[in-house]
file protein.txt (compact mmCIF, C-alpha atoms (C1' of nucleotides))
# COMPACT_ATOMS: atom_id res chain seq x y z
CA MET A 1 -43.68 38.02 83.79
CA GLU A 2 -46.21 36.64 81.36
CA LEU A 3 -48.00 33.38 81.90
CA ASP A 4 -49.08 31.52 78.83
CA HIS A 5 -51.59 28.79 78.35
CA PHE A 6 -49.20 26.06 79.47
CA ASP A 7 -48.09 27.85 82.60
CA ARG A 8 -51.68 28.30 83.64
CA GLN A 9 -52.45 24.67 83.09
CA LEU A 10 -49.42 23.67 85.13
CA LEU A 11 -50.40 25.99 87.94
CA ASN A 12 -53.85 24.50 88.19
CA LEU A 13 -52.40 21.02 88.33
CA VAL A 14 -49.67 21.57 90.89
CA GLN A 15 -52.02 23.48 93.12
CA GLU A 16 -53.96 20.26 93.46
CA ASP A 17 -50.96 17.96 93.65
CA ALA A 18 -47.47 19.30 93.93
CA SER A 19 -45.94 15.85 94.02
CA LEU A 20 -46.76 15.16 90.38
CA THR A 21 -43.60 14.55 88.41
CA ALA A 22 -42.91 16.37 85.18
CA ASP A 23 -43.47 13.10 83.44
CA GLN A 24 -46.94 12.72 84.94
CA LEU A 25 -47.75 16.31 84.13
CA SER A 26 -46.87 15.72 80.51
CA ASP A 27 -49.93 13.48 80.25
CA SER A 28 -52.14 16.53 80.74
CA VAL A 29 -49.99 19.30 79.31
CA ALA A 30 -48.91 18.54 75.73
CA LEU A 31 -45.34 19.58 76.39
CA SER A 32 -42.10 17.68 76.66
CA VAL A 33 -40.90 16.60 80.07
CA SER A 34 -37.97 18.99 80.04
CA ALA A 35 -40.11 21.90 78.92
CA ILE A 36 -42.35 21.25 81.90
CA GLN A 37 -39.38 21.09 84.22
CA ARG A 38 -38.02 24.35 82.92
CA ARG A 39 -41.35 26.08 83.34
CA LEU A 40 -41.88 24.79 86.84
CA LYS A 41 -38.42 25.89 87.80
CA ARG A 42 -39.08 29.34 86.39
CA LEU A 43 -42.46 29.58 88.13
CA ARG A 44 -40.83 28.72 91.42
CA ALA A 45 -37.85 31.00 91.00
CA SER A 46 -39.97 33.95 89.91
CA GLY A 47 -42.27 33.59 92.89
CA VAL A 48 -45.45 32.70 91.03
CA ILE A 49 -45.26 29.44 92.94
CA MET A 50 -44.51 30.78 96.40
CA ARG A 51 -44.06 27.48 98.16
CA GLU A 52 -45.13 23.90 98.35
CA THR A 53 -46.69 22.54 101.47
CA ALA A 54 -47.94 19.26 102.87
CA MET A 55 -51.48 19.21 104.17
CA VAL A 56 -51.96 16.95 107.18
CA ASP A 57 -55.17 15.41 108.40
CA PRO A 58 -56.17 17.24 111.60
CA LYS A 59 -57.95 14.15 112.92
CA ARG A 60 -54.74 12.18 112.78
CA ILE A 61 -52.56 14.49 114.81
CA GLY A 62 -54.57 14.88 117.95
CA GLY A 63 -57.80 16.33 116.62
CA SER A 64 -57.04 19.91 115.87
CA THR A 65 -60.10 22.10 115.71
CA PHE A 66 -60.51 25.11 113.47
CA TYR A 67 -61.77 28.44 114.73
CA VAL A 68 -62.96 31.34 112.64
CA VAL A 69 -62.22 34.56 114.47
CA ALA A 70 -63.56 38.01 113.61
CA LEU A 71 -61.32 40.65 115.11
CA GLN A 72 -61.98 44.34 115.76
CA VAL A 73 -59.12 46.70 116.49
CA GLU A 74 -58.66 50.32 117.45
CA ARG A 75 -57.95 51.95 114.14
CA GLU A 76 -56.26 54.98 115.56
CA ARG A 77 -52.77 53.69 115.91
CA PRO A 78 -51.07 52.44 112.78
CA GLU A 79 -47.90 51.37 114.56
CA LEU A 80 -49.85 48.92 116.70
CA LEU A 81 -51.44 47.55 113.59
CA THR A 82 -48.08 46.67 112.16
CA GLN A 83 -47.23 44.96 115.38
CA LEU A 84 -50.44 42.96 115.32
CA ARG A 85 -49.75 41.87 111.78
CA ARG A 86 -46.39 40.57 112.83
CA TRP A 87 -47.87 38.85 115.85
CA LEU A 88 -50.37 37.05 113.65
CA THR A 89 -47.72 36.08 111.18
CA ASP A 90 -45.41 34.73 113.84
CA GLU A 91 -48.03 32.75 115.72
CA PRO A 92 -48.12 29.21 114.32
CA HIS A 93 -51.66 28.55 115.48
CA VAL A 94 -52.89 31.36 113.26
CA GLN A 95 -53.17 29.65 109.94
CA GLN A 96 -54.57 32.49 107.92
CA ALA A 97 -55.30 36.14 108.49
CA PHE A 98 -57.27 38.42 106.20
CA TYR A 99 -57.58 42.16 106.52
CA VAL A 100 -61.20 42.74 105.57
CA THR A 101 -63.94 45.24 104.91
CA GLY A 102 -67.06 45.23 107.05
CA GLU A 103 -67.66 45.16 110.72
CA ALA A 104 -64.59 43.14 111.56
CA ASP A 105 -61.12 44.33 110.69
CA PHE A 106 -59.47 40.95 110.50
CA VAL A 107 -60.73 37.46 109.99
CA LEU A 108 -58.47 34.73 111.29
CA ILE A 109 -58.43 31.01 110.78
CA VAL A 110 -56.94 29.53 113.93
CA THR A 111 -56.19 25.92 114.80
CA ALA A 112 -55.84 24.50 118.27
CA PRO A 113 -56.01 20.98 119.69
CA ASP A 114 -58.70 21.90 122.22
CA THR A 115 -60.74 24.76 123.62
CA GLU A 116 -58.36 25.40 126.45
CA THR A 117 -55.38 25.86 124.19
CA TYR A 118 -57.47 28.15 122.06
CA ASP A 119 -58.49 30.14 125.10
CA VAL A 120 -54.96 30.59 126.31
CA LEU A 121 -53.88 31.63 122.85
CA MET A 122 -56.58 34.27 122.48
CA THR A 123 -55.87 35.60 125.95
CA ARG A 124 -52.25 35.94 125.01
CA MET A 125 -53.20 37.68 121.79
CA VAL A 126 -55.23 40.25 123.64
CA SER A 127 -52.63 40.84 126.30
CA GLU A 128 -49.79 41.19 123.81
CA ASN A 129 -51.66 43.52 121.47
CA ALA A 130 -53.03 46.66 123.07
CA ASN A 131 -55.21 47.63 120.15
CA ILE A 132 -57.59 44.69 120.12
CA ARG A 133 -61.08 45.88 120.88
CA ARG A 134 -63.04 42.69 120.70
CA PHE A 135 -63.28 39.45 118.83
CA THR A 136 -65.89 36.81 118.20
CA THR A 137 -65.22 33.14 117.70
CA ASN A 138 -66.97 30.62 115.51
CA VAL A 139 -65.94 27.06 116.16
CA ALA A 140 -65.71 24.87 113.09
CA LEU A 141 -67.81 21.79 113.75
CA GLY A 142 -66.95 20.40 110.37
CA LEU A 143 -64.49 20.95 107.59
CA VAL A 144 -66.39 20.83 104.34
CA LYS A 145 -63.46 21.80 102.20
CA ARG A 146 -59.88 22.70 102.76
CA GLY A 147 -57.51 23.94 100.12
CA SER A 148 -55.42 26.81 98.93
CA ALA A 149 -55.84 26.54 95.20
CA ILE A 150 -56.72 29.62 93.20
CA PRO A 151 -58.35 28.75 89.90
CA VAL A 152 -56.21 30.06 87.06
CA PRO A 153 -58.22 30.79 83.93
CA VAL A 154 -56.83 28.87 80.99
CA GLU A 155 -57.35 31.04 77.98
CA VAL A 156 -59.52 29.57 75.29
CA SER A 157 -57.69 31.54 72.61
CA MET B 1 -51.36 4.74 113.80
CA GLU B 2 -49.01 6.18 116.35
CA LEU B 3 -46.85 9.19 115.63
CA ASP B 4 -43.59 9.41 117.47
CA HIS B 5 -41.28 12.30 118.08
CA PHE B 6 -39.63 12.01 114.66
CA ASP B 7 -42.89 11.84 112.75
CA ARG B 8 -44.10 14.98 114.45
CA GLN B 9 -40.93 16.82 113.65
CA LEU B 10 -41.17 15.77 110.04
CA LEU B 11 -44.79 16.85 109.82
CA ASN B 12 -43.99 20.31 111.10
CA LEU B 13 -41.21 20.67 108.59
CA VAL B 14 -42.99 19.44 105.48
CA GLN B 15 -46.04 21.52 106.29
CA GLU B 16 -43.82 24.55 105.82
CA ASP B 17 -41.91 23.21 102.85
CA ALA B 18 -42.90 20.02 101.14
CA SER B 19 -40.08 20.27 98.63
CA LEU B 20 -37.41 19.55 101.22
CA THR B 21 -35.53 16.40 100.31
CA ALA B 22 -34.95 13.65 102.82
CA ASP B 23 -31.33 14.65 102.76
CA GLN B 24 -32.16 18.22 103.76
CA LEU B 25 -34.59 17.01 106.40
CA SER B 26 -31.85 14.89 107.93
CA ASP B 27 -30.14 18.10 108.99
CA SER B 28 -33.00 18.78 111.38
CA VAL B 29 -34.19 15.31 112.24
CA ALA B 30 -31.35 13.13 113.55
CA LEU B 31 -32.31 10.19 111.40
CA SER B 32 -30.75 8.59 108.39
CA VAL B 33 -31.91 9.62 104.95
CA SER B 34 -33.60 6.31 104.28
CA ALA B 35 -35.36 6.29 107.63
CA ILE B 36 -36.80 9.69 106.79
CA GLN B 37 -37.91 8.48 103.38
CA ARG B 38 -39.64 5.50 104.84
CA ARG B 39 -41.48 7.58 107.39
CA LEU B 40 -42.61 10.15 104.86
CA LYS B 41 -43.82 7.41 102.60
CA ARG B 42 -45.76 5.84 105.42
CA LEU B 43 -47.22 9.18 106.48
CA ARG B 44 -48.44 9.75 102.95
CA ALA B 45 -49.79 6.26 102.44
CA SER B 46 -51.61 6.22 105.76
CA GLY B 47 -53.27 9.54 105.04
CA VAL B 48 -51.66 11.57 107.80
CA ILE B 49 -50.22 13.64 104.97
CA MET B 50 -53.32 14.07 102.85
CA ARG B 51 -51.71 15.84 99.93
CA GLU B 52 -49.03 18.25 98.87
CA THR B 53 -49.94 21.43 97.13
CA ALA B 54 -48.28 24.40 95.49
CA MET B 55 -49.28 27.82 96.73
CA VAL B 56 -49.34 30.46 94.03
CA ASP B 57 -49.07 34.20 94.45
CA PRO B 58 -52.53 35.68 93.76
CA LYS B 59 -51.01 38.95 92.58
CA ARG B 60 -49.14 37.13 89.84
CA ILE B 61 -52.05 35.37 88.25
CA GLY B 62 -54.39 38.20 87.56
CA GLY B 63 -54.95 39.60 91.01
CA SER B 64 -57.28 37.20 92.65
CA THR B 65 -59.14 38.68 95.57
CA PHE B 66 -60.21 36.77 98.65
CA TYR B 67 -63.69 36.98 100.06
CA VAL B 68 -64.82 35.81 103.47
CA VAL B 69 -68.44 34.73 103.26
CA ALA B 70 -70.76 34.01 106.18
CA LEU B 71 -73.62 31.82 105.03
CA GLN B 72 -76.96 31.13 106.65
CA VAL B 73 -79.10 28.24 105.49
CA GLU B 74 -82.52 26.83 106.19
CA ARG B 75 -81.78 24.13 108.68
CA GLU B 76 -84.95 22.21 108.09
CA ARG B 77 -83.88 20.09 105.18
CA PRO B 78 -80.90 17.84 105.68
CA GLU B 79 -80.89 16.54 102.12
CA LEU B 80 -80.37 20.04 100.78
CA LEU B 81 -77.52 20.48 103.19
CA THR B 82 -75.72 17.51 101.71
CA GLN B 83 -76.25 18.98 98.30
CA LEU B 84 -74.84 22.33 99.37
CA ARG B 85 -71.81 20.63 100.81
CA ARG B 86 -71.18 18.96 97.51
CA TRP B 87 -71.72 22.20 95.63
CA LEU B 88 -69.12 23.92 97.78
CA THR B 89 -66.67 21.08 97.39
CA ASP B 90 -67.06 21.00 93.63
CA GLU B 91 -66.80 24.73 93.07
CA PRO B 92 -63.15 25.61 92.48
CA HIS B 93 -63.57 29.22 93.55
CA VAL B 94 -64.54 28.06 97.00
CA GLN B 95 -61.18 27.49 98.59
CA GLN B 96 -62.32 26.54 102.05
CA ALA B 97 -65.63 25.89 103.75
CA PHE B 98 -66.19 25.49 107.46
CA TYR B 99 -69.38 24.37 109.12
CA VAL B 100 -69.51 26.59 112.19
CA THR B 101 -71.28 27.45 115.39
CA GLY B 102 -72.76 30.88 115.86
CA GLU B 103 -74.98 33.04 113.77
CA ALA B 104 -73.67 31.80 110.46
CA ASP B 105 -73.87 28.16 109.47
CA PHE B 106 -70.94 28.15 107.09
CA VAL B 107 -67.94 30.34 106.62
CA LEU B 108 -66.40 30.24 103.19
CA ILE B 109 -63.14 31.51 101.82
CA VAL B 110 -63.75 32.32 98.19
CA THR B 111 -61.36 33.59 95.54
CA ALA B 112 -62.31 35.45 92.40
CA PRO B 113 -60.37 37.65 89.98
CA ASP B 114 -62.81 40.54 90.34
CA THR B 115 -66.07 41.65 91.91
CA GLU B 116 -68.11 40.76 88.90
CA THR B 117 -66.91 37.19 88.81
CA TYR B 118 -67.60 36.98 92.50
CA ASP B 119 -71.08 38.33 92.02
CA VAL B 120 -71.93 35.88 89.28
CA LEU B 121 -70.60 33.05 91.39
CA MET B 122 -72.66 33.96 94.42
CA THR B 123 -75.76 34.41 92.32
CA ARG B 124 -75.22 30.98 90.91
CA MET B 125 -74.72 29.58 94.39
CA VAL B 126 -78.03 30.98 95.53
CA SER B 127 -79.91 29.86 92.47
CA GLU B 128 -78.50 26.34 92.58
CA ASN B 129 -79.08 25.83 96.29
CA ALA B 130 -82.61 26.35 97.47
CA ASN B 131 -81.78 26.39 101.14
CA ILE B 132 -79.59 29.46 101.27
CA ARG B 133 -81.24 32.08 103.41
CA ARG B 134 -78.72 34.87 103.28
CA PHE B 135 -75.03 35.55 103.20
CA THR B 136 -72.73 38.41 104.01
CA THR B 137 -69.46 39.16 102.30
CA ASN B 138 -66.25 40.57 103.67
CA VAL B 139 -63.74 41.49 101.01
CA ALA B 140 -60.13 40.83 101.92
CA LEU B 141 -58.20 44.04 101.36
CA GLY B 142 -55.03 42.41 102.46
CA LEU B 143 -53.61 38.98 103.07
CA VAL B 144 -51.68 39.07 106.29
CA LYS B 145 -50.97 35.39 106.37
CA ARG B 146 -51.77 32.41 104.27
CA GLY B 147 -51.01 28.85 105.16
CA SER B 148 -52.42 25.47 105.98
CA ALA B 149 -49.99 24.24 108.58
CA ILE B 150 -51.30 22.78 111.81
CA PRO B 151 -48.73 22.92 114.59
CA VAL B 152 -47.91 19.42 115.74
CA PRO B 153 -46.73 19.28 119.34
CA VAL B 154 -43.34 17.65 119.56
CA GLU B 155 -43.16 15.82 122.83
CA VAL B 156 -40.55 17.12 125.15
CA SER B 157 -39.18 13.69 125.83
C1' DA C 1 -36.24 18.31 72.01
C1' DT C 2 -32.77 14.85 73.05
C1' DT C 3 -29.17 13.22 75.68
C1' DG C 4 -26.00 12.24 79.43
C1' DA C 5 -24.82 13.37 84.25
C1' DA C 6 -26.25 14.39 88.93
C1' DA C 7 -29.52 14.04 92.51
C1' DC C 8 -33.17 11.91 94.83
C1' DT C 9 -35.90 7.99 96.12
C1' DT C 10 -36.81 3.10 96.64
C1' DC C 11 -35.82 -1.45 98.01
C1' DG C 12 -33.37 -5.46 99.98
C1' DC C 13 -30.42 -6.99 103.48
C1' DA C 14 -27.99 -7.17 107.83
C1' DG C 15 -27.57 -5.54 112.48
C1' DT C 16 -29.96 -3.39 116.98
C1' DT C 17 -33.02 -2.55 120.48
C1' DA D 1 -40.97 -7.77 115.71
C1' DA D 2 -40.14 -3.47 114.24
C1' DC D 3 -36.95 -0.10 113.00
C1' DT D 4 -32.46 1.67 111.86
C1' DG D 5 -28.64 2.33 108.51
C1' DC D 6 -26.13 1.09 104.37
C1' DG D 7 -25.65 0.36 99.57
C1' DA D 8 -27.32 -0.88 94.86
C1' DA D 9 -30.87 -0.15 91.43
C1' DG D 10 -34.39 2.65 89.56
C1' DT D 11 -36.58 7.43 88.81
C1' DT D 12 -36.60 12.07 88.41
C1' DT D 13 -34.39 16.29 87.60
C1' DC D 14 -30.89 19.26 85.67
C1' DA D 15 -27.89 21.33 82.05
C1' DA D 16 -25.80 21.38 77.77
C1' DT D 17 -26.04 20.39 73.33
call {"tool": "encode", "arguments": {"input": "protein.txt", "output": "C-alpha cells"}}
result
Amino acid sequence: MELDHFDRQLLNLVQEDASLTADQLSDSVALSVSAIQRRLKRLRASGVIMRETAMVDPKRIGGSTFYVVALQVERERPELLTQLRRWLTDEPHVQQAFYVTGEADFVLIVTAPDTETYDVLMTRMVSENANIRRFTTNVALGLVKRGSAIPVPVEVS
Amino acid sequence: MELDHFDRQLLNLVQEDASLTADQLSDSVALSVSAIQRRLKRLRASGVIMRETAMVDPKRIGGSTFYVVALQVERERPELLTQLRRWLTDEPHVQQAFYVTGEADFVLIVTAPDTETYDVLMTRMVSENANIRRFTTNVALGLVKRGSAIPVPVEVS
DNA sequence: ATTGAAACTTCGCAGTT
DNA sequence: AACTGCGAAGTTTCAAT
C-alpha cells in the first residue's frame, strides 16, 4: 500500500492528536472533509494506523513511576524466549519491550505505582521465566518526554 | 480530583482503545451513555487524559527503527540541562526521554528510518548540546510490545 | 466533491441518593 | 449538592451519487 503526500501529513497529525475531526484536519491538509475521512478509514483498515490510545497523566492516577529495565537472558533455548515474549506482552505493567543489540537482550519500560509493586512484579517475572539471567533497573526520576509518534517524512516533491 | 471506580474502568479501557464510543463503553461500564460521555469529557478537561494519539505501524511507513539510547551528561551545569531537556522535547525523532537513576542520566527512545539518519541526528544532538559526555546506543531488532497504557487499579469495592 | 442519512456527542431538565 | 438517566439539538461520520 502506497502512502502519498496527504496520507503522510495526516499520519503526522493524528499521531499528535487522534481526536482531531476530519473537519479540523482539513485546515492543515488541503483536502475535502470526505476525502480525509476516506483516507483515515483506509489507513485504519489497512493497519497503517494500528490503534488509537488515550494517554493518561501518571501523577493523576496514583503516581505511577517508570522503570527502565535492561534484561539479559540465556540465549540457548529459543522456546523459552517465545514464552518470555508472551509473558511481556501479557503483563500490563510492561508498557514497552524492545529486543535489542548490545549487552542487554531486552529493554523494558515498566510502570508501577511504587517500588514494592515493582519488586513483586520483577520477582514474578524471574520466577515465571526460567531463562532470565539478570536484569538491571533504572528508575525514572523524571519524564522529559512521552509519546509514540514516528515522524513520517512528507515528500517535498 | 477524585477518581472513582467508574473513572478507573474507563481509563483502562480508553488507554487500550480511544476510539471506543460511549455506547460501546457502556457494555463494560454499567453506566448510561451520557454518564460515560460526561466523565470522559471531565477526564479530558481536567488533564487526567492528557491526549489521544494514533499509533502507526513502523513497518508501513518506511521501516522506522527504534534505538534505545543511554545518555551521560556533565552534571555541573544546570542551565545546560534545561536546554537539553528542551532539545529532546522539540526533536520529533526522540519519542521518549526519561531522566533516570544509575549510570546513565537519561534514557531515550529514538526512532529513525535508517542508521544514517540516526547517526546524523545523534551528531547534531552532541554538537548542539555542550554538556553531553557520552552515549551508548542499543538498536532494537524487534518490537515485542509497544504501548503507553498505565494500569489503573480498579478498587475491589 | 456534494449531498442526505446514520451515528455519535452535547446539553438541559427532572428525578435520586 | 452532585450525579444519574432521558431526550432533543447539534456535530461528525458514512455512503451513494
call {"tool": "atom_distance", "arguments": {"input": "protein.txt", "atom1": "atom CA of Arg85 of chain B", "atom2": "atom CA of Val56 of chain B"}}
result
25.4 Å
call {"tool": "residues_around", "arguments": {"input": "protein.txt", "residues": "Val29 of chain B", "least_positions_apart": "3", "cutoff": "10 Å", "atoms": "only C-alpha atoms (C1' of nucleotides)", "output": "number ranges by chain"}}
result
B: 5-7, 9-10, 13, 22-26, 32-33, 36
call {"tool": "residues_around", "arguments": {"input": "protein.txt", "residues": "DC6 of chain D", "least_positions_apart": "6", "cutoff": "10 Å", "atoms": "all atoms listed in the file", "output": "compact mmCIF listing (two decimals) with C-alpha atoms (C1' of nucleotides), in the frame of the given file"}}
result
# COMPACT_ATOMS: atom_id res chain seq x y z
CA SER B 32 -30.75 8.59 108.39
CA SER B 34 -33.60 6.31 104.28
C1' DC C 13 -30.42 -6.99 103.48
C1' DA C 14 -27.99 -7.17 107.83
call {"tool": "calpha_fit_and_write", "arguments": {"input": "protein.txt", "fixed": "chain A", "moving": "chain B", "output": "mmCIF file with C-alpha atoms, in the frame of the given file"}}
result
data_model
loop_
_atom_site.group_PDB
_atom_site.id
_atom_site.type_symbol
_atom_site.label_atom_id
_atom_site.label_comp_id
_atom_site.auth_asym_id
_atom_site.auth_seq_id
_atom_site.Cartn_x
_atom_site.Cartn_y
_atom_site.Cartn_z
ATOM 1 C CA MET B 1 -43.618 37.977 83.782
ATOM 2 C CA GLU B 2 -46.144 36.667 81.332
ATOM 3 C CA LEU B 3 -47.956 33.398 81.856
ATOM 4 C CA ASP B 4 -49.023 31.545 78.775
ATOM 5 C CA HIS B 5 -51.533 28.804 78.279
ATOM 6 C CA PHE B 6 -49.128 26.074 79.405
ATOM 7 C CA ASP B 7 -48.058 27.876 82.554
ATOM 8 C CA ARG B 8 -51.660 28.319 83.576
ATOM 9 C CA GLN B 9 -52.427 24.689 83.017
ATOM 10 C CA LEU B 10 -49.430 23.687 85.068
ATOM 11 C CA LEU B 11 -50.398 26.023 87.882
ATOM 12 C CA ASN B 12 -53.866 24.550 88.112
ATOM 13 C CA LEU B 13 -52.451 21.066 88.250
ATOM 14 C CA VAL B 14 -49.715 21.586 90.819
ATOM 15 C CA GLN B 15 -52.061 23.524 93.061
ATOM 16 C CA GLU B 16 -54.036 20.312 93.393
ATOM 17 C CA ASP B 17 -51.051 18.006 93.594
ATOM 18 C CA ALA B 18 -47.551 19.327 93.884
ATOM 19 C CA SER B 19 -46.046 15.856 93.948
ATOM 20 C CA LEU B 20 -46.858 15.192 90.307
ATOM 21 C CA THR B 21 -43.681 14.576 88.356
ATOM 22 C CA ALA B 22 -42.972 16.365 85.117
ATOM 23 C CA ASP B 23 -43.488 13.054 83.421
ATOM 24 C CA GLN B 24 -46.983 12.705 84.868
ATOM 25 C CA LEU B 25 -47.778 16.316 84.052
ATOM 26 C CA SER B 26 -46.834 15.692 80.438
ATOM 27 C CA ASP B 27 -49.910 13.499 80.151
ATOM 28 C CA SER B 28 -52.084 16.568 80.608
ATOM 29 C CA VAL B 29 -49.925 19.317 79.200
ATOM 30 C CA ALA B 30 -48.794 18.539 75.644
ATOM 31 C CA LEU B 31 -45.225 19.536 76.317
ATOM 32 C CA SER B 32 -42.032 17.597 76.639
ATOM 33 C CA VAL B 33 -40.852 16.552 80.068
ATOM 34 C CA SER B 34 -37.931 18.945 80.041
ATOM 35 C CA ALA B 35 -40.055 21.857 78.888
ATOM 36 C CA ILE B 36 -42.345 21.236 81.838
ATOM 37 C CA GLN B 37 -39.400 21.080 84.210
ATOM 38 C CA ARG B 38 -38.030 24.327 82.953
ATOM 39 C CA ARG B 39 -41.344 26.086 83.319
ATOM 40 C CA LEU B 40 -41.935 24.798 86.822
ATOM 41 C CA LYS B 41 -38.475 25.862 87.809
ATOM 42 C CA ARG B 42 -39.059 29.312 86.417
ATOM 43 C CA LEU B 43 -42.450 29.585 88.101
ATOM 44 C CA ARG B 44 -40.854 28.735 91.418
ATOM 45 C CA ALA B 45 -37.864 31.004 91.000
ATOM 46 C CA SER B 46 -39.958 33.958 89.894
ATOM 47 C CA GLY B 47 -42.272 33.598 92.862
ATOM 48 C CA VAL B 48 -45.443 32.730 90.985
ATOM 49 C CA ILE B 49 -45.283 29.469 92.911
ATOM 50 C CA MET B 50 -44.553 30.804 96.371
ATOM 51 C CA ARG B 51 -44.089 27.490 98.118
ATOM 52 C CA GLU B 52 -45.185 23.901 98.282
ATOM 53 C CA THR B 53 -46.722 22.544 101.407
ATOM 54 C CA ALA B 54 -47.981 19.275 102.821
ATOM 55 C CA MET B 55 -51.513 19.231 104.145
ATOM 56 C CA VAL B 56 -51.985 16.987 107.146
ATOM 57 C CA ASP B 57 -55.192 15.434 108.388
ATOM 58 C CA PRO B 58 -56.183 17.269 111.595
ATOM 59 C CA LYS B 59 -57.967 14.196 112.925
ATOM 60 C CA ARG B 60 -54.742 12.222 112.783
ATOM 61 C CA ILE B 61 -52.579 14.539 114.795
ATOM 62 C CA GLY B 62 -54.568 14.933 117.934
ATOM 63 C CA GLY B 63 -57.800 16.356 116.629
ATOM 64 C CA SER B 64 -57.039 19.924 115.876
ATOM 65 C CA THR B 65 -60.101 22.110 115.740
ATOM 66 C CA PHE B 66 -60.514 25.124 113.499
ATOM 67 C CA TYR B 67 -61.765 28.437 114.764
ATOM 68 C CA VAL B 68 -62.969 31.345 112.674
ATOM 69 C CA VAL B 69 -62.227 34.568 114.512
ATOM 70 C CA ALA B 70 -63.572 38.018 113.665
ATOM 71 C CA LEU B 71 -61.329 40.668 115.163
ATOM 72 C CA GLN B 72 -61.982 44.331 115.802
ATOM 73 C CA VAL B 73 -59.129 46.691 116.558
ATOM 74 C CA GLU B 74 -58.660 50.298 117.527
ATOM 75 C CA ARG B 75 -57.968 51.932 114.227
ATOM 76 C CA GLU B 76 -56.299 54.969 115.665
ATOM 77 C CA ARG B 77 -52.787 53.677 115.983
ATOM 78 C CA PRO B 78 -51.101 52.452 112.844
ATOM 79 C CA GLU B 79 -47.919 51.375 114.598
ATOM 80 C CA LEU B 80 -49.857 48.931 116.740
ATOM 81 C CA LEU B 81 -51.470 47.570 113.631
ATOM 82 C CA THR B 82 -48.097 46.687 112.185
ATOM 83 C CA GLN B 83 -47.242 44.976 115.411
ATOM 84 C CA LEU B 84 -50.455 42.968 115.362
ATOM 85 C CA ARG B 85 -49.771 41.902 111.821
ATOM 86 C CA ARG B 86 -46.410 40.600 112.863
ATOM 87 C CA TRP B 87 -47.886 38.862 115.884
ATOM 88 C CA LEU B 88 -50.376 37.060 113.672
ATOM 89 C CA THR B 89 -47.720 36.097 111.174
ATOM 90 C CA ASP B 90 -45.413 34.750 113.850
ATOM 91 C CA GLU B 91 -48.021 32.769 115.738
ATOM 92 C CA PRO B 92 -48.120 29.244 114.320
ATOM 93 C CA HIS B 93 -51.662 28.585 115.492
ATOM 94 C CA VAL B 94 -52.888 31.380 113.283
ATOM 95 C CA GLN B 95 -53.170 29.657 109.952
ATOM 96 C CA GLN B 96 -54.580 32.505 107.934
ATOM 97 C CA ALA B 97 -55.311 36.165 108.520
ATOM 98 C CA PHE B 98 -57.270 38.440 106.234
ATOM 99 C CA TYR B 99 -57.595 42.178 106.562
ATOM 100 C CA VAL B 100 -61.220 42.755 105.617
ATOM 101 C CA THR B 101 -63.954 45.248 104.964
ATOM 102 C CA GLY B 102 -67.061 45.235 107.089
ATOM 103 C CA GLU B 103 -67.665 45.178 110.776
ATOM 104 C CA ALA B 104 -64.594 43.156 111.608
ATOM 105 C CA ASP B 105 -61.118 44.356 110.745
ATOM 106 C CA PHE B 106 -59.477 40.962 110.540
ATOM 107 C CA VAL B 107 -60.733 37.473 110.023
ATOM 108 C CA LEU B 108 -58.480 34.749 111.308
ATOM 109 C CA ILE B 109 -58.444 31.024 110.814
ATOM 110 C CA VAL B 110 -56.938 29.547 113.938
ATOM 111 C CA THR B 111 -56.188 25.939 114.812
ATOM 112 C CA ALA B 112 -55.834 24.523 118.289
ATOM 113 C CA PRO B 113 -55.991 20.996 119.701
ATOM 114 C CA ASP B 114 -58.668 21.917 122.236
ATOM 115 C CA THR B 115 -60.716 24.760 123.668
ATOM 116 C CA GLU B 116 -58.328 25.392 126.481
ATOM 117 C CA THR B 117 -55.357 25.855 124.212
ATOM 118 C CA TYR B 118 -57.464 28.147 122.103
ATOM 119 C CA ASP B 119 -58.479 30.146 125.126
ATOM 120 C CA VAL B 120 -54.936 30.590 126.342
ATOM 121 C CA LEU B 121 -53.872 31.637 122.878
ATOM 122 C CA MET B 122 -56.562 34.264 122.534
ATOM 123 C CA THR B 123 -55.859 35.600 125.990
ATOM 124 C CA ARG B 124 -52.247 35.937 125.051
ATOM 125 C CA MET B 125 -53.201 37.675 121.828
ATOM 126 C CA VAL B 126 -55.223 40.246 123.704
ATOM 127 C CA SER B 127 -52.612 40.822 126.350
ATOM 128 C CA GLU B 128 -49.788 41.188 123.845
ATOM 129 C CA ASN B 129 -51.660 43.525 121.522
ATOM 130 C CA ALA B 130 -53.022 46.647 123.109
ATOM 131 C CA ASN B 131 -55.213 47.621 120.209
ATOM 132 C CA ILE B 132 -57.584 44.686 120.182
ATOM 133 C CA ARG B 133 -61.068 45.889 120.945
ATOM 134 C CA ARG B 134 -63.038 42.689 120.765
ATOM 135 C CA PHE B 135 -63.283 39.443 118.896
ATOM 136 C CA THR B 136 -65.890 36.812 118.261
ATOM 137 C CA THR B 137 -65.235 33.139 117.751
ATOM 138 C CA ASN B 138 -66.967 30.628 115.545
ATOM 139 C CA VAL B 139 -65.925 27.063 116.196
ATOM 140 C CA ALA B 140 -65.708 24.873 113.122
ATOM 141 C CA LEU B 141 -67.792 21.777 113.769
ATOM 142 C CA GLY B 142 -66.948 20.418 110.399
ATOM 143 C CA LEU B 143 -64.496 20.964 107.598
ATOM 144 C CA VAL B 144 -66.382 20.840 104.353
ATOM 145 C CA LYS B 145 -63.459 21.815 102.218
ATOM 146 C CA ARG B 146 -59.877 22.723 102.744
ATOM 147 C CA GLY B 147 -57.535 23.973 100.099
ATOM 148 C CA SER B 148 -55.439 26.842 98.891
ATOM 149 C CA ALA B 149 -55.869 26.581 95.159
ATOM 150 C CA ILE B 150 -56.746 29.669 93.166
ATOM 151 C CA PRO B 151 -58.363 28.819 89.847
ATOM 152 C CA VAL B 152 -56.221 30.114 87.021
ATOM 153 C CA PRO B 153 -58.204 30.851 83.875
ATOM 154 C CA VAL B 154 -56.815 28.921 80.952
ATOM 155 C CA GLU B 155 -57.322 30.995 77.867
ATOM 156 C CA VAL B 156 -59.581 29.433 75.348
ATOM 157 C CA SER B 157 -57.174 30.050 72.532
#
call {"tool": "residues_around", "arguments": {"input": "protein.txt", "residues": "Phe135 of chain A", "least_positions_apart": "4", "cutoff": "6 Å", "atoms": "all atoms listed in the file", "output": "list in words"}}
result
Ala70, Leu71 and Gln72 of chain A
call {"tool": "residues_around", "arguments": {"input": "protein.txt", "residues": "DC3 of chain D", "least_positions_apart": "5", "cutoff": "10 Å", "atoms": "all atoms listed in the file", "output": "list in words"}}
result
Ala35 of chain B; DT16 and DT17 of chain C
